[in-house]
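Student: Got a structure here, written out as C-alpha cells. Questions coming.
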Amino acid sequence: MTERSATTSPVLPPLDAVGIVREAGLTAFVVFALTFSLVGFKVEDVPGGLDIVTRFDQVLAATVLAFTGRVVLILLHKRRHLPVILVGLAIAAVILGLVVAARGAPESATAAWLPFESVVVNVLVAVAALVLAGRAAWSAWRRDVGVSDEAVELAARVHKAAIFLGPLMLGFAVVLPFLPFADRRLLDIAILVVTYVMLGWGLNIVVGLAGLLDLGYVAFYAVGAYSYALLAINFDLGFWVCLPFAGIMAAFAGILLGFPVLRLRGDYLAIVTLGFGEMIRVILLNWYEFTKGPDGISGIPRPTLFGLPFTRTDPDGGETFHSFFGLTYSPLDRIIFLYYLILILALVTNFFTMRIRRLPIGRAWEALREDEVACRSIGINPRNTKLTAFSIGAMFGGFGGSFFATRQGFISPESFTFIESAIILAIVVLGGMGSQIGVVFAAILLIGLPEFFRELQQYRMLAFGAAMVAIMVWRPRGLLAFRDPTIRLSDHDTAPEKQT
Amino acid sequence: MSVAAPDKLGDSLITVEHLTMRFGGLVAIDDVSFQGANREITAIIGPNGAGKTTLFNCLTGFYKPTVGRLTLHHPRKGDFLLERMEGYQIPQRAGVARTFQNIRLFPAMSVLENLIVAQHNALMRASGYSVAGLLGLRGYRQAERQAVELARFWMDRTGLTDRADIDAGNLPYGDQRRLEIARAMCTNPVLLCLDEPAAGLNPRESSDLNALLRYIRDEHSIGILLIEHDMSVVMEISDHIIVLDYGRRIAAGTPEEIRNNPDVIRAYLGENEDEPLPPEVVRDMEEER
C-alpha cells in the first residue's frame with residue numbers, strides 16, 4: 001500500500017542513511033563470518049604434505065560485494081532506480097572487462113584485480129549485478145507495478161508468449177543436433193535435460209494438476225526401466241514392443257500405490273509415497289533371482305529404427321542404419337536418435353497433458369486439488385479420479401524409465417534412489433506447479449546448469465542450493481506460477497455484445 | 001406442542017425418519033424425523049450447536065447416521081436410501097446438491113470452470129471416459145457446448161456472466177455465495193441443501209437471494225432445504241420450518257406457527273430467569289462463598 005502511494009506522488013520518502021548502513025553492515029558481517037573460514041583458508045596439496053593457503057583478499061571481496069549488494073537492494077526497494085542501475089552496470093562492466101582482459105593469463109596482474117579466483121564465480125557476480133540493474137530499469141520503466149504483481153505479470157506474459165515461445169523452443173530442440181556447436185557432451189546433457197522435462201511433465205499430472213504430493217515418483221521410473229530390461233532380455237522383445245508394456249506396468253504400479261493412500265492428504269501422502277519409492281528400490285535390490293539385485297541388469301538391447309540398429313555392423317549380418325541410408329558410420333548417430341526418441345516421448349507427454357487438462361477428467365483433477373470435499377458434493381468420485389491421476393502420471397514415468405534403460409544399456413537399483421524423486425519434484429515445484437513451460441525452464445536450470453557448472457567443483461551443489469533458495473525467496477510459487485483457464489466463455493460466445 | 005407434520009405425502013421429496021447421529025458420547029442429532037416436499041422451501045433453524053449442519057452432513061453423505069433412515073423420493077428415478085450410499089453418489093445419482101457454511105469453491109479455477117466441473121458426470125459419459133474426448137470426437141464437443149450453455153444460464157441467473165473467466169477465489173464474498181448455489185444447480189439436482197446462504201450478505205444481497213431461491217423453487221420445481229440464521233430470509237421465503245435444539249426437533253410448522261411457538265422462543269432466548277436455580281447449584285455457590 002505504502003509503495004503504491006509512493007509511486008503516485010513524485011516525492012519519495014527520504015532515505016535513512018544510518019539504517020541502511022547498519023543493515024548492510026549486518027549482512028556484510030554475516031557474509032564475512034561465513035566466508036572467513038570457508039573461503040579464507042584453503043588446504044592445498046603440496047609436495048610433502050598439506051599446506052594451508054590463506055585467501056583473505058577473496059573474503060574481503062565477498063564482504064565488500066555483500067555490503068554493496070545489500071545497499072543496492074535497499075535502494076531498489078526504496079525505488080531509487082538510477083543509482084541501482086549505475087552501480088549494477090559498473091560492477092558488471094568492471095568484472096566482465098577484467099575477465100575478458102585476463103583471459104588466458106590467469107597469473108597476470110589484471111587477473112589479480114578480479115575479486116575471485118574462479119572465472120565462473122566472477123561471471124556469476126557480474127550476471128547478478130546485471131540482473132539487479134535490469135530489474136531496477138524494469139521497475140523504473142513500469143512505475144505503476146508493485147513488486148509482488150511483477151511476478152504474476154511476468155508469468156502471465158511468459159505464458160502468453162508461450163504461443164510463440166513454445167514452437168520456437170521446439171524448433172530449437174528439433175534442430176539442436178545439427179547445430180555446429182552440438183557435440184557429444186552437449187547432446188548428452190540435452191538428452192538428460194529432456195528426460196527430466198518428460199518426467200517433470202509426467203509428475204506434473206499428479207502433483208501440479210491433481211495436487212497429490214508424490215515423493216516416490218522414481219518408483220514408476222524404476223518399474224518402467226526394469227519392465228523393459230526384463231522383457232527385452234528374457235523374451236527377446238524389441239524396444240517398441242516393450243514400451244507400451246512398460247507404461248502399463250508402471251500404471252499398474254501407480255494404481256497399486258494409489259489404493260492404500262486414497263484417504264491420505266498432504267504431508268501424510270508424501271510420507272507414504274516416499275516409503276513406496278523406497279520399497280520398490282529395496283525389492284529390486286533383494287529379489288536377486290528376478291532382478292539380479294545390486295549387480296543390475298546389463299546388456300539391455302539398444303533401440304532400433306524400424307529394426308535398423310545403430311552399430312557399425314549388424315551382428316546378424318543385416319542392414320544397419322548407416323548402410324541402409326548410405327551414410328558413413330558415426331557413433332553420434334545413435335546419440336542423435338536417442339535424443340529424438342526422448343524428445344518425441346516428452347512431446348507426447350506434453351500433448352497428452354495439455355489435451356487432458358481440457359477434458360472432464362483433467363478438470364476433475366484440478367477440482368480435487370482445490371477442494372476434495374466440494375468435489376464429493378458435486379458428485380465427483382474421488383477414488384477413481386485420484387487413481388487415474390496416479391496411474392497416468394506413473395505411465396509416463398514408466399515410458400521415461402524404459403528410455404533410461406535403453407539409453408544406459410545397464411540398470412541397477414542405485415539409479416533409482418530418493419534423490420531422483422526429489423529432483424523431479426523440485427523441477428515441478430520450482431517450475432510453478434501445473435505450468436508446462438515452467439517445467440522446461442526448471443529442468444534446464446536444475447539439470448543443465450549443474451552439468452555446465454562442473455568447473456565450480458565442490459561448490460557446484462552449493463550453487464545449486466543457492467539457486468533453489470533464490471527461487472523460493474523471489475518466486476515462492478515457482479518460476480512461472482500462472483494458470484490459464486481451461487475454457488473461456490468468450491471462446492464459446494455467440495452473442496457479440498458480451499466482451500469481457 | 002402438537003404441530004402438524006407436513007403431511008402432503010403425494011409430493012414429498014425427502015423423508016427423514018428417526019435420524020440419530022452420535023459422536024462418541026455426544027448426541028448431535030437425537031431422533032429427528034421430518035419430511036421435505038417438492039417445490040417447497042423447508043427451513044431448518046435453531047441456535048448454534050443445534051445439529052443443523054450435522055443433519056445436512058448426514059443427508060449429503062458426509063456422515064453415516066448412527067440410526068435412522070433417509071429416503072429421497074426422486075420424481076423420475078424412484079426412491080434412494082441415502083444413508084446407504086457413498087458420499088459422492090448422492091449428488092451423482094440421487095440428485096442432492098449442497099452448499100457449505102464456509103464457502104467451498106475451487107478458488108484457482110475460473111467461474112465458468114467451477115460450473116463446468118459441476119457437470120462432471122454427464123461430461124465424463126459424453127467424453128467416453130476421456131477416450132472420445134482425447135480424440136476430439138464431435139459428440140464430446142457438442143456435450144461441452146451444452147455444458148457451457150447450462151453454465152451460462154446459471155451465470156445469467158446469478159449475475160456472474162461478466163466475471164465468467166475470473167478465478168472464483170478472487171470474487172467478492174456475495175458473488176462467491178451465489179456461485180456456490182449456481183454450481184450446485186449445475187449438477188441438475190432435485191433437492192438443494194443450502195447451509196446458511198445469507199450469512200455475510202448485506203440486506204440487498206439477501207433480498208436478491210430470496211428472489212433467486214423462489215425462482216429455483218418455482219421454475220425448476222425442486223425442493224430446497226435451508227439452514228439459516230437470518231430470520232428475514234427464513235420467515236419470508238420458507239414454506240415450512242423445522243426447529244432443532246440440542247439435536248432434537250422441538251417444533252415444525254409454517255412460519256406463522258413457529259413465530260408464536262413458546263418452545264422456540266425459549267430455545268432462542270433462554271429459560272425464564274425467575275425460575276429457581278437447582279438446589280445443588282445453590283449449595284455449590286454457598287460453599288464457594
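Chain identifiers are assigned as A, B, and so on, following the order in which chains appear in the C-alpha cells; residues are numbered from 1 within each chain, and ligands are numbered from 1 in order of appearance.
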Based on only C-alpha atoms, which of the residues in chain B come within 9 Å of chain A? I want them as a PDB file with N, CA and C atoms, in the first residue's frame.

Tutor:
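For reference, part09.pdb as written:
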ATOM      1  N   THR B  60     -26.216 -35.512   2.994  1.00  0.00           N
ATOM      2  CA  THR B  60     -25.413 -35.463   1.777  1.00  0.00           C
ATOM      3  C   THR B  60     -24.252 -36.445   1.837  1.00  0.00           C
ATOM      4  N   GLY B  61     -24.281 -37.359   2.805  1.00  0.00           N
ATOM      5  CA  GLY B  61     -23.347 -38.465   2.781  1.00  0.00           C
ATOM      6  C   GLY B  61     -21.988 -38.176   3.379  1.00  0.00           C
ATOM      7  N   PHE B  62     -21.797 -37.022   4.003  1.00  0.00           N
ATOM      8  CA  PHE B  62     -20.504 -36.765   4.618  1.00  0.00           C
ATOM      9  C   PHE B  62     -20.383 -37.508   5.941  1.00  0.00           C
ATOM     10  N   GLY B  87     -20.744 -41.122  -0.360  1.00  0.00           N
ATOM     11  CA  GLY B  87     -20.915 -39.671  -0.370  1.00  0.00           C
ATOM     12  C   GLY B  87     -21.069 -39.080  -1.759  1.00  0.00           C
ATOM     13  N   TYR B  88     -20.192 -39.463  -2.681  1.00  0.00           N
ATOM     14  CA  TYR B  88     -20.228 -38.821  -3.993  1.00  0.00           C
ATOM     15  C   TYR B  88     -21.397 -39.287  -4.842  1.00  0.00           C
ATOM     16  N   GLN B  89     -21.983 -40.464  -4.481  1.00  0.00           N
ATOM     17  CA  GLN B  89     -23.101 -40.965  -5.288  1.00  0.00           C
ATOM     18  C   GLN B  89     -24.380 -40.200  -5.024  1.00  0.00           C
ATOM     19  N   ILE B  90     -24.466 -39.571  -3.849  1.00  0.00           N
ATOM     20  CA  ILE B  90     -25.708 -38.882  -3.505  1.00  0.00           C
ATOM     21  C   ILE B  90     -25.989 -37.736  -4.469  1.00  0.00           C
ATOM     22  N   PRO B  91     -25.009 -36.854  -4.740  1.00  0.00           N
ATOM     23  CA  PRO B  91     -25.278 -35.868  -5.790  1.00  0.00           C
ATOM     24  C   PRO B  91     -25.325 -36.487  -7.185  1.00  0.00           C
ATOM     25  N   GLN B  92     -24.508 -37.513  -7.405  1.00  0.00           N
ATOM     26  CA  GLN B  92     -24.381 -38.079  -8.746  1.00  0.00           C
ATOM     27  C   GLN B  92     -25.656 -38.789  -9.167  1.00  0.00           C
ATOM     28  N   ARG B  93     -26.224 -39.617  -8.269  1.00  0.00           N
ATOM     29  CA  ARG B  93     -27.342 -40.445  -8.680  1.00  0.00           C
ATOM     30  C   ARG B  93     -28.663 -39.994  -8.088  1.00  0.00           C
ATOM     31  N   GLY B  95     -29.327 -36.999  -6.893  1.00  0.00           N
ATOM     32  CA  GLY B  95     -29.632 -35.624  -7.219  1.00  0.00           C
ATOM     33  C   GLY B  95     -29.802 -34.719  -6.014  1.00  0.00           C
ATOM     34  N   VAL B  96     -28.952 -34.902  -5.012  1.00  0.00           N
ATOM     35  CA  VAL B  96     -28.970 -33.996  -3.872  1.00  0.00           C
ATOM     36  C   VAL B  96     -27.724 -33.131  -3.958  1.00  0.00           C
ATOM     37  N   ALA B  97     -27.911 -31.827  -4.070  1.00  0.00           N
ATOM     38  CA  ALA B  97     -26.762 -30.927  -4.142  1.00  0.00           C
ATOM     39  C   ALA B  97     -26.723 -30.099  -2.874  1.00  0.00           C
ATOM     40  N   ARG B  98     -25.554 -29.614  -2.528  1.00  0.00           N
ATOM     41  CA  ARG B  98     -25.472 -28.808  -1.307  1.00  0.00           C
ATOM     42  C   ARG B  98     -24.473 -27.680  -1.466  1.00  0.00           C
ATOM     43  N   THR B  99     -24.616 -26.700  -0.595  1.00  0.00           N
ATOM     44  CA  THR B  99     -23.591 -25.668  -0.459  1.00  0.00           C
ATOM     45  C   THR B  99     -23.072 -25.747   0.974  1.00  0.00           C
ATOM     46  N   PHE B 100     -22.018 -25.000   1.244  1.00  0.00           N
ATOM     47  CA  PHE B 100     -21.373 -25.125   2.549  1.00  0.00           C
ATOM     48  C   PHE B 100     -21.450 -23.811   3.319  1.00  0.00           C
ATOM     49  N   ARG B 104     -17.131 -23.305  -0.137  1.00  0.00           N
ATOM     50  CA  ARG B 104     -16.133 -24.219  -0.686  1.00  0.00           C
ATOM     51  C   ARG B 104     -16.225 -24.208  -2.202  1.00  0.00           C
ATOM     52  N   LEU B 105     -15.472 -23.294  -2.806  1.00  0.00           N
ATOM     53  CA  LEU B 105     -15.407 -23.273  -4.265  1.00  0.00           C
ATOM     54  C   LEU B 105     -14.082 -23.904  -4.666  1.00  0.00           C
ATOM     55  N   PHE B 106     -13.786 -23.873  -5.969  1.00  0.00           N
ATOM     56  CA  PHE B 106     -12.462 -24.257  -6.443  1.00  0.00           C
ATOM     57  C   PHE B 106     -11.754 -22.949  -6.757  1.00  0.00           C
ATOM     58  N   PRO B 107     -11.060 -22.377  -5.758  1.00  0.00           N
ATOM     59  CA  PRO B 107     -10.661 -20.965  -5.866  1.00  0.00           C
ATOM     60  C   PRO B 107      -9.743 -20.645  -7.041  1.00  0.00           C
ATOM     61  N   ALA B 108      -8.854 -21.572  -7.420  1.00  0.00           N
ATOM     62  CA  ALA B 108      -7.922 -21.223  -8.502  1.00  0.00           C
ATOM     63  C   ALA B 108      -8.522 -21.496  -9.878  1.00  0.00           C
ATOM     64  N   MET B 109      -9.773 -21.943  -9.929  1.00  0.00           N
ATOM     65  CA  MET B 109     -10.401 -22.188 -11.223  1.00  0.00           C
ATOM     66  C   MET B 109     -11.393 -21.069 -11.500  1.00  0.00           C
ATOM     67  N   SER B 110     -11.622 -20.814 -12.784  1.00  0.00           N
ATOM     68  CA  SER B 110     -12.480 -19.689 -13.127  1.00  0.00           C
ATOM     69  C   SER B 110     -13.933 -20.019 -12.797  1.00  0.00           C
ATOM     70  N   LEU B 112     -16.490 -20.009 -14.727  1.00  0.00           N
ATOM     71  CA  LEU B 112     -17.052 -20.941 -15.709  1.00  0.00           C
ATOM     72  C   LEU B 112     -16.581 -22.365 -15.448  1.00  0.00           C
ATOM     73  N   GLU B 113     -15.288 -22.512 -15.143  1.00  0.00           N
ATOM     74  CA  GLU B 113     -14.770 -23.857 -14.873  1.00  0.00           C
ATOM     75  C   GLU B 113     -15.460 -24.485 -13.669  1.00  0.00           C
ATOM     76  N   ASN B 114     -15.720 -23.669 -12.637  1.00  0.00           N
ATOM     77  CA  ASN B 114     -16.427 -24.195 -11.472  1.00  0.00           C
ATOM     78  C   ASN B 114     -17.769 -24.796 -11.887  1.00  0.00           C
ATOM     79  N   ILE B 116     -18.559 -25.846 -14.935  1.00  0.00           N
ATOM     80  CA  ILE B 116     -18.378 -26.979 -15.859  1.00  0.00           C
ATOM     81  C   ILE B 116     -18.018 -28.234 -15.065  1.00  0.00           C
ATOM     82  N   VAL B 117     -17.143 -28.059 -14.055  1.00  0.00           N
ATOM     83  CA  VAL B 117     -16.749 -29.203 -13.238  1.00  0.00           C
ATOM     84  C   VAL B 117     -17.984 -29.819 -12.577  1.00  0.00           C
ATOM     85  N   ALA B 118     -18.939 -28.967 -12.231  1.00  0.00           N
ATOM     86  CA  ALA B 118     -20.144 -29.477 -11.576  1.00  0.00           C
ATOM     87  C   ALA B 118     -20.910 -30.434 -12.481  1.00  0.00           C
ATOM     88  N   GLN B 119     -20.688 -30.341 -13.779  1.00  0.00           N
ATOM     89  CA  GLN B 119     -21.385 -31.247 -14.706  1.00  0.00           C
ATOM     90  C   GLN B 119     -20.483 -32.410 -15.090  1.00  0.00           C
ATOM     91  N   HIS B 120     -19.562 -32.718 -14.175  1.00  0.00           N
ATOM     92  CA  HIS B 120     -18.531 -33.722 -14.445  1.00  0.00           C
ATOM     93  C   HIS B 120     -19.101 -35.035 -14.959  1.00  0.00           C
ATOM     94  N   ASN B 121     -20.103 -35.576 -14.268  1.00  0.00           N
ATOM     95  CA  ASN B 121     -20.548 -36.931 -14.609  1.00  0.00           C
ATOM     96  C   ASN B 121     -21.171 -37.009 -15.994  1.00  0.00           C
ATOM     97  N   LEU B 123     -20.521 -34.971 -18.472  1.00  0.00           N
ATOM     98  CA  LEU B 123     -19.465 -34.746 -19.458  1.00  0.00           C
ATOM     99  C   LEU B 123     -18.540 -35.954 -19.564  1.00  0.00           C
ATOM    100  N   MET B 124     -18.335 -36.602 -18.425  1.00  0.00           N
ATOM    101  CA  MET B 124     -17.470 -37.780 -18.421  1.00  0.00           C
ATOM    102  C   MET B 124     -18.052 -38.858 -19.335  1.00  0.00           C
ATOM    103  N   SER B 127     -17.644 -37.799 -22.880  1.00  0.00           N
ATOM    104  CA  SER B 127     -16.285 -37.871 -23.411  1.00  0.00           C
ATOM    105  C   SER B 127     -15.825 -39.312 -23.518  1.00  0.00           C
ATOM    106  N   TYR B 129     -15.450 -41.503 -21.237  1.00  0.00           N
ATOM    107  CA  TYR B 129     -14.436 -41.669 -20.197  1.00  0.00           C
ATOM    108  C   TYR B 129     -13.072 -41.270 -20.731  1.00  0.00           C
ATOM    109  N   SER B 130     -13.038 -40.109 -21.343  1.00  0.00           N
ATOM    110  CA  SER B 130     -11.838 -39.422 -21.841  1.00  0.00           C
ATOM    111  C   SER B 130     -11.338 -39.927 -23.183  1.00  0.00           C
ATOM    112  N   GLY B 133     -12.967 -37.923 -25.887  1.00  0.00           N
ATOM    113  CA  GLY B 133     -12.522 -36.548 -25.684  1.00  0.00           C
ATOM    114  C   GLY B 133     -11.102 -36.344 -26.165  1.00  0.00           C
ATOM    115  N   LEU B 134     -10.231 -37.315 -25.888  1.00  0.00           N
ATOM    116  CA  LEU B 134      -8.842 -37.194 -26.333  1.00  0.00           C
ATOM    117  C   LEU B 134      -8.756 -37.165 -27.839  1.00  0.00           C
ATOM    118  N   ARG B 145     -20.405 -27.964 -25.374  1.00  0.00           N
ATOM    119  CA  ARG B 145     -21.129 -26.741 -25.703  1.00  0.00           C
ATOM    120  C   ARG B 145     -22.410 -26.640 -24.866  1.00  0.00           C
ATOM    121  N   VAL B 148     -21.560 -25.592 -21.412  1.00  0.00           N
ATOM    122  CA  VAL B 148     -21.307 -24.157 -21.316  1.00  0.00           C
ATOM    123  C   VAL B 148     -22.632 -23.404 -21.314  1.00  0.00           C
ATOM    124  N   GLU B 149     -23.583 -23.882 -22.120  1.00  0.00           N
ATOM    125  CA  GLU B 149     -24.890 -23.207 -22.159  1.00  0.00           C
ATOM    126  C   GLU B 149     -25.571 -23.258 -20.799  1.00  0.00           C
ATOM    127  N   ARG B 152     -23.827 -20.948 -18.542  1.00  0.00           N
ATOM    128  CA  ARG B 152     -24.157 -19.570 -18.852  1.00  0.00           C
ATOM    129  C   ARG B 152     -25.554 -19.207 -18.337  1.00  0.00           C
ATOM    130  N   THR B 161     -22.175 -13.484 -15.220  1.00  0.00           N
ATOM    131  CA  THR B 161     -21.721 -13.674 -16.606  1.00  0.00           C
ATOM    132  C   THR B 161     -20.510 -12.805 -16.933  1.00  0.00           C
ATOM    133  N   ASP B 162     -20.513 -11.570 -16.405  1.00  0.00           N
ATOM    134  CA  ASP B 162     -19.398 -10.674 -16.719  1.00  0.00           C
ATOM    135  C   ASP B 162     -18.095 -11.148 -16.099  1.00  0.00           C
ATOM    136  N   ARG B 163     -18.200 -12.005 -15.111  1.00  0.00           N
ATOM    137  CA  ARG B 163     -16.993 -12.445 -14.410  1.00  0.00           C
ATOM    138  C   ARG B 163     -16.669 -13.893 -14.715  1.00  0.00           C
ATOM    139  N   ALA B 164     -17.183 -14.399 -15.817  1.00  0.00           N
ATOM    140  CA  ALA B 164     -17.073 -15.829 -16.111  1.00  0.00           C
ATOM    141  C   ALA B 164     -15.642 -16.334 -16.091  1.00  0.00           C
ATOM    142  N   ASP B 165     -14.681 -15.513 -16.558  1.00  0.00           N
ATOM    143  CA  ASP B 165     -13.316 -16.012 -16.703  1.00  0.00           C
ATOM    144  C   ASP B 165     -12.401 -15.582 -15.561  1.00  0.00           C
ATOM    145  N   ILE B 166     -12.997 -15.053 -14.501  1.00  0.00           N
ATOM    146  CA  ILE B 166     -12.201 -14.659 -13.326  1.00  0.00           C
ATOM    147  C   ILE B 166     -12.082 -15.867 -12.401  1.00  0.00           C
ATOM    148  N   ASP B 167     -10.952 -15.953 -11.689  1.00  0.00           N
ATOM    149  CA  ASP B 167     -10.802 -17.027 -10.711  1.00  0.00           C
ATOM    150  C   ASP B 167     -11.856 -16.876  -9.617  1.00  0.00           C
ATOM    151  N   ARG B 183     -23.285 -23.431  -8.852  1.00  0.00           N
ATOM    152  CA  ARG B 183     -22.571 -24.683  -9.068  1.00  0.00           C
ATOM    153  C   ARG B 183     -23.430 -25.865  -8.638  1.00  0.00           C
ATOM    154  N   ALA B 184     -24.092 -25.737  -7.489  1.00  0.00           N
ATOM    155  CA  ALA B 184     -24.969 -26.818  -7.034  1.00  0.00           C
ATOM    156  C   ALA B 184     -26.079 -27.050  -8.050  1.00  0.00           C
ATOM    157  N   CYS B 186     -25.963 -26.571 -11.213  1.00  0.00           N
ATOM    158  CA  CYS B 186     -25.443 -27.162 -12.445  1.00  0.00           C
ATOM    159  C   CYS B 186     -25.360 -28.687 -12.362  1.00  0.00           C
ATOM    160  N   THR B 187     -25.435 -29.259 -11.158  1.00  0.00           N
ATOM    161  CA  THR B 187     -25.434 -30.715 -11.073  1.00  0.00           C
ATOM    162  C   THR B 187     -26.815 -31.277 -11.371  1.00  0.00           C
TER     163      THR B 187
END

Student: Please identify all polymer residues within 12 Å of His74 (chain B), counting only C-alpha atoms, omitting same-chain residues fewer than 2 positions from it, and present them as a count of residues only.

Tutor: 27

Student: Could you work out how far CA of Asn210 (chain B) lies from CA of Arg249 (chain B), giving the answer in Å with one decimal?

Tutor: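 Straight-line distance from CA of Arg249 (chain B) to CA of Asn210 (chain B) works out to 25.1 Å.
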
Student: Might you pull out every residue within 7 Å of region 26-40 of chain A, with only C-alpha atoms counted and same-chain residues fewer than 4 positions away left off, and present them as an mmCIF file with C-alpha atoms, in the first residue's frame?

Tutor:
data_model
loop_
_atom_site.group_PDB
_atom_site.id
_atom_site.type_symbol
_atom_site.label_atom_id
_atom_site.label_comp_id
_atom_site.auth_asym_id
_atom_site.auth_seq_id
_atom_site.Cartn_x
_atom_site.Cartn_y
_atom_site.Cartn_z
ATOM 1 C CA ARG A 22 23.547 -0.692 9.709
ATOM 2 C CA THR A 54 45.037 -18.035 3.089
ATOM 3 C CA ARG A 55 42.802 -16.158 0.699
ATOM 4 C CA PHE A 56 41.756 -13.154 2.735
ATOM 5 C CA VAL A 59 36.991 -12.812 1.893
ATOM 6 C CA THR A 63 32.292 -8.888 2.195
ATOM 7 C CA VAL A 64 32.500 -5.692 0.156
ATOM 8 C CA ALA A 66 27.736 -8.255 0.071
ATOM 9 C CA PHE A 67 27.718 -4.756 1.582
#

Student: So which bits of region 280-468 of chain A end up helix (DSSP H, G or I) when you DSSP the backbone, as a PyMOL selection string?

Tutor: chain A and resi 280-286+288-291+293-295+321-324+332-357+360-370+372-377+382-408+413-416+418-431+436-468

Student: One decimal, Å: what's the distance from CA of Gly258 (chain A) over to CA of Leu425 (chain A), could you say?

Tutor: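 So the answer is 17.8 Å.
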
Student: Just how far from CA of Leu479 (chain A) is CA of Arg79 (chain A), in Å to one decimal?

Tutor: 23.7 Å

Student: Leaving out Ala162 (chain A) and any residue of its chain fewer than 6 positions from it, which residues lie within 10 Å of it when counting only C-alpha atoms, given as an NGL selection string?

Tutor: :A and (156 or 168-169 or 436-437)

Student: Show which residues sit within 7 Å of Thr66 (chain B), as a PDB file with C-alpha atoms, in the first residue's frame. Count only C-alpha atoms, and ignore same-chain residues fewer than 2 positions away.

Tutor:
ATOM      1  CA  THR B  20     -29.746 -40.041  15.222  1.00  0.00           C
ATOM      2  CA  MET B  21     -26.106 -39.108  14.984  1.00  0.00           C
ATOM      3  CA  ARG B  22     -23.713 -39.762  17.843  1.00  0.00           C
ATOM      4  CA  LYS B  64     -23.060 -42.033   8.150  1.00  0.00           C
ATOM      5  CA  GLY B  68     -32.296 -43.678  11.060  1.00  0.00           C
TER       6      GLY B  68
END
